[in-house]
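Peer 1: Input: one structure, supplied below.
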Protein chains: 2
Amino acid sequence: MLMAELADRSGLPVATIKFYLRSGLLPAGRSTSATRADYDDAHVRRLRLVRALTEVAGLPLEAVRAVLESVDDDSLTWHAAVGSAHTRLSSAAAPTSAGAREQVRALLSRHGWARSDSSPHADVLARALDALTGLEHPVSDDLLDVYAAAAASIAEHEVPSVDTDDRVAAAEQVVVGTLLLEPALLAMRRIAQENVSARLRD
Amino acid sequence: MLMAELADRSGLPVATIKFYLRSGLLPAGRSTSATRADYDDAHVRRLRLVRALTEVAGLPLEAVRAVLESVDDDSLTWHAAVGSAHTRLSSAAAPTSAGAREQVRALLSRHGWARSDSSPHADVLARALDALTGLEHPVSDDLLDVYAAAAASIAEHEVPSVDTDDRVAAAEQVVVGTLLLEPALLAMRRIAQENVSARLRD
DNA sequence: TCCATTGGATAGTAAGAGTAGCCAATATTG
DNA sequence: CAATATTGGCTACTCTTACTATCCAATGGA
């Protein structure tokens, strides 16, 4: 298909698609002449993925590009691809206090997740704990355990259901499932909060 | 204290504090003369809160302002304040499919959360489901139930622990707990995923 | 008294995410 | 086959967000 049809089928303006091409978010079409290139369904899918990642998951284009590279990289196992995508997503580390880092270390060790001690996600966690402590709302280990148990139960249920035959498809499935379900999880937590507090106080 | 000390104690440049004053993110100090105003610890706390909300929770300043207004608004019960803060946070609704809306409605009803049927969070949820379906990774009701159960268990544990005596403090506690623990929850989910998938495949 | 600081206002900057316009080279269609 | 419409490729412009930087006249402390 030609550019016009790609724009049509993806619902995006031609100028935006050109911009995504320039930014390396969309692979070039098969060029059939100096002024024409041929796009296919993979391009339509890719555009849908980019929009879902920006609009639903709220990722900046830079992060989208990193995620897509990981998905496309055949040299990674699907598991490594996920790790790589995760790592590339994390923003530059801000300094965290030793106390918060220790609280995180202890948490990970209690849940058998010690292997993630140096993961960028551990830093994100430590920074959140630091911020809460700085605002005089320290987080107890008990509450952290509740969160960790909730996270564990989610992971137990969704990770095993990933199809492991087609690596690229699996990587996409993981990336999409991880990133697009994040806002869903947060929305459910807020809904649960509303309902629990209503039940307790109305 | 004077502006210079406020800048010093908050670690922010004077220019940034002035900008926050102009933007309505920080209440003006008690003005003691045409060229002097007096700031106190509440101002320092407020600045810390603003930075935590932007840097840790990733909120745009516009959302921070909405959250702060809700916290400050004495006419709201603390529960209403949370709802209001939540509502103001949600971005303009993009259209969602009838199918996704129905899936969300059924989910909420299964979990006794029907009162949140028209909550903006329900729209967020529907949009995420639509995006996943559009990418050919539809989400099963079973998986949604796992997410909902995880969200419920978190809410059950943290909502009752809110101190209900001081409304403003309670509102701040809820807002801060809700928003700053979001990245923490997502980080734990990713860590759990890494560990579960490593356990399954290494 | 005098010089650094402040509040208040205006203007400038940098990154992020598009948008828009131009042009020469094709396609398509009459 | 000629006229018209579309491309690809390029450059430049725009809009928003979140600051930064200046300026200035009025103070306040040494």
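We label chains A, B, ... in the order they appear in the structure tokens, count residues from 1 in each chain, and number ligands from 1 in the order shown.
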If you count only C-alpha atoms (C1' of nucleotides), which residues fall within 10 Å of region 1-11 of chain D, apart from same-chain ones fewer than 4 positions away, as number ranges by chain?

Peer 2: A: 2-4, 18, 22, 31, 33-37; C: 21-23, 25-30

Peer 1: Should the cut-off be 7 Å, what would the residue list for chain D against chain B look like, counting only C-alpha atoms (C1' of nucleotides), as a list of chain:residue names?

Peer 2: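 Listed by rising number, the hits are D:DC19, D:DT20, D:DA26, D:DT27.
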
Peer 1: Next, write the just-selected residues to a file, as a PDB file, in the first residue's frame, keeping N, CA and C atoms (P, O5', C5', C4', C3', O3' and C1' of nucleotides) as the atom set.

Peer 2:
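Contents of result17.pdb, freshly written:
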ATOM      1  P    DC D  19       9.881  22.365  36.291  1.00  0.00           P
ATOM      2  O5'  DC D  19       9.839  23.841  36.684  1.00  0.00           O
ATOM      3  C5'  DC D  19      10.637  24.965  36.446  1.00  0.00           C
ATOM      4  C4'  DC D  19      11.542  24.927  35.262  1.00  0.00           C
ATOM      5  C3'  DC D  19      12.766  25.798  35.435  1.00  0.00           C
ATOM      6  O3'  DC D  19      13.942  25.161  34.999  1.00  0.00           O
ATOM      7  C1'  DC D  19      11.544  26.482  33.534  1.00  0.00           C
ATOM      8  P    DT D  20      15.362  25.395  35.732  1.00  0.00           P
ATOM      9  O5'  DT D  20      16.118  26.509  34.863  1.00  0.00           O
ATOM     10  C5'  DT D  20      15.412  27.584  34.332  1.00  0.00           C
ATOM     11  C4'  DT D  20      16.364  28.446  33.551  1.00  0.00           C
ATOM     12  C3'  DT D  20      17.268  29.314  34.415  1.00  0.00           C
ATOM     13  O3'  DT D  20      18.437  29.629  33.665  1.00  0.00           O
ATOM     14  C1'  DT D  20      15.540  30.624  33.422  1.00  0.00           C
ATOM     15  P    DA D  26       9.996  53.252  43.362  1.00  0.00           P
ATOM     16  O5'  DA D  26      10.103  52.159  44.513  1.00  0.00           O
ATOM     17  C5'  DA D  26       9.042  51.227  44.684  1.00  0.00           C
ATOM     18  C4'  DA D  26       9.371  50.303  45.841  1.00  0.00           C
ATOM     19  C3'  DA D  26       9.692  51.026  47.153  1.00  0.00           C
ATOM     20  O3'  DA D  26       9.187  50.258  48.239  1.00  0.00           O
ATOM     21  C1'  DA D  26      11.519  49.702  46.521  1.00  0.00           C
ATOM     22  P    DT D  27       8.725  50.943  49.588  1.00  0.00           P
ATOM     23  O5'  DT D  27       9.928  51.019  50.577  1.00  0.00           O
ATOM     24  C5'  DT D  27      11.209  50.495  50.271  1.00  0.00           C
ATOM     25  C4'  DT D  27      11.330  49.048  50.775  1.00  0.00           C
ATOM     26  C3'  DT D  27      11.833  48.936  52.191  1.00  0.00           C
ATOM     27  O3'  DT D  27      11.423  47.690  52.750  1.00  0.00           O
ATOM     28  C1'  DT D  27      13.539  48.306  50.661  1.00  0.00           C
TER      29       DT D  27
END

Peer 1: So which residues touch DA11 (chain C) within 12 Å, counting only C-alpha atoms (C1' of nucleotides), skipping near sequence neighbours fewer than 6 positions away, as a ChimeraX atom specification?

Peer 2: /D:20-23

Peer 1: Go ahead and dump the residues you just picked, C-alpha atoms (C1' of nucleotides), as an mmCIF file, in the first residue's frame.

Peer 2:
data_model
loop_
_atom_site.group_PDB
_atom_site.id
_atom_site.type_symbol
_atom_site.label_atom_id
_atom_site.label_comp_id
_atom_site.auth_asym_id
_atom_site.auth_seq_id
_atom_site.Cartn_x
_atom_site.Cartn_y
_atom_site.Cartn_z
ATOM 1 C "C1'" DT D 20 15.540 30.624 33.422
ATOM 2 C "C1'" DA D 21 17.097 35.085 33.048
ATOM 3 C "C1'" DT D 22 16.642 40.083 33.237
ATOM 4 C "C1'" DC D 23 15.042 44.353 34.667
#

Peer 1: Check region 6-191 of chain B with DSSP on the backbone and list each residue it calls helix (DSSP H, G or I), as a PyMOL selection string.

Peer 2: chain B and resi 6-10+14-22+41-56+61-72+78-89+98-110+114-116+120-134+141-161+167-191

Peer 1: May I have the residues of chain A within 6 Å of chain B, counting only C-alpha atoms, written as a list in words?

Peer 2: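 That gives Ala52, His121, Leu125, Ala131, Ala150, Ala151, Ala152, Ala155, Ala184, Ala187, Met188, Arg189, Ala192 and Gln193 of chain A for chain A.
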
Peer 1: Could the residues of chain C within 9 Å of chain A, counting only C-alpha atoms (C1' of nucleotides), be given as a ChimeraX atom specification, please?

Peer 2: /C:16-20,25-26

Peer 1: What is the CA of Leu26 (chain B)-CA of Leu6 (chain B) distance in Å, reported with one decimal?

Peer 2: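 Spanning CA of Leu26 (chain B) to CA of Leu6 (chain B) is a straight-line distance of 11.7 Å.
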
Peer 1: Would you list, as a PyMOL selection string, the residues of region 23-181 of chain B that end up in strand (DSSP E) under DSSP run on this structure's backbone?

Peer 2: chain B and resi 30-33+36-38
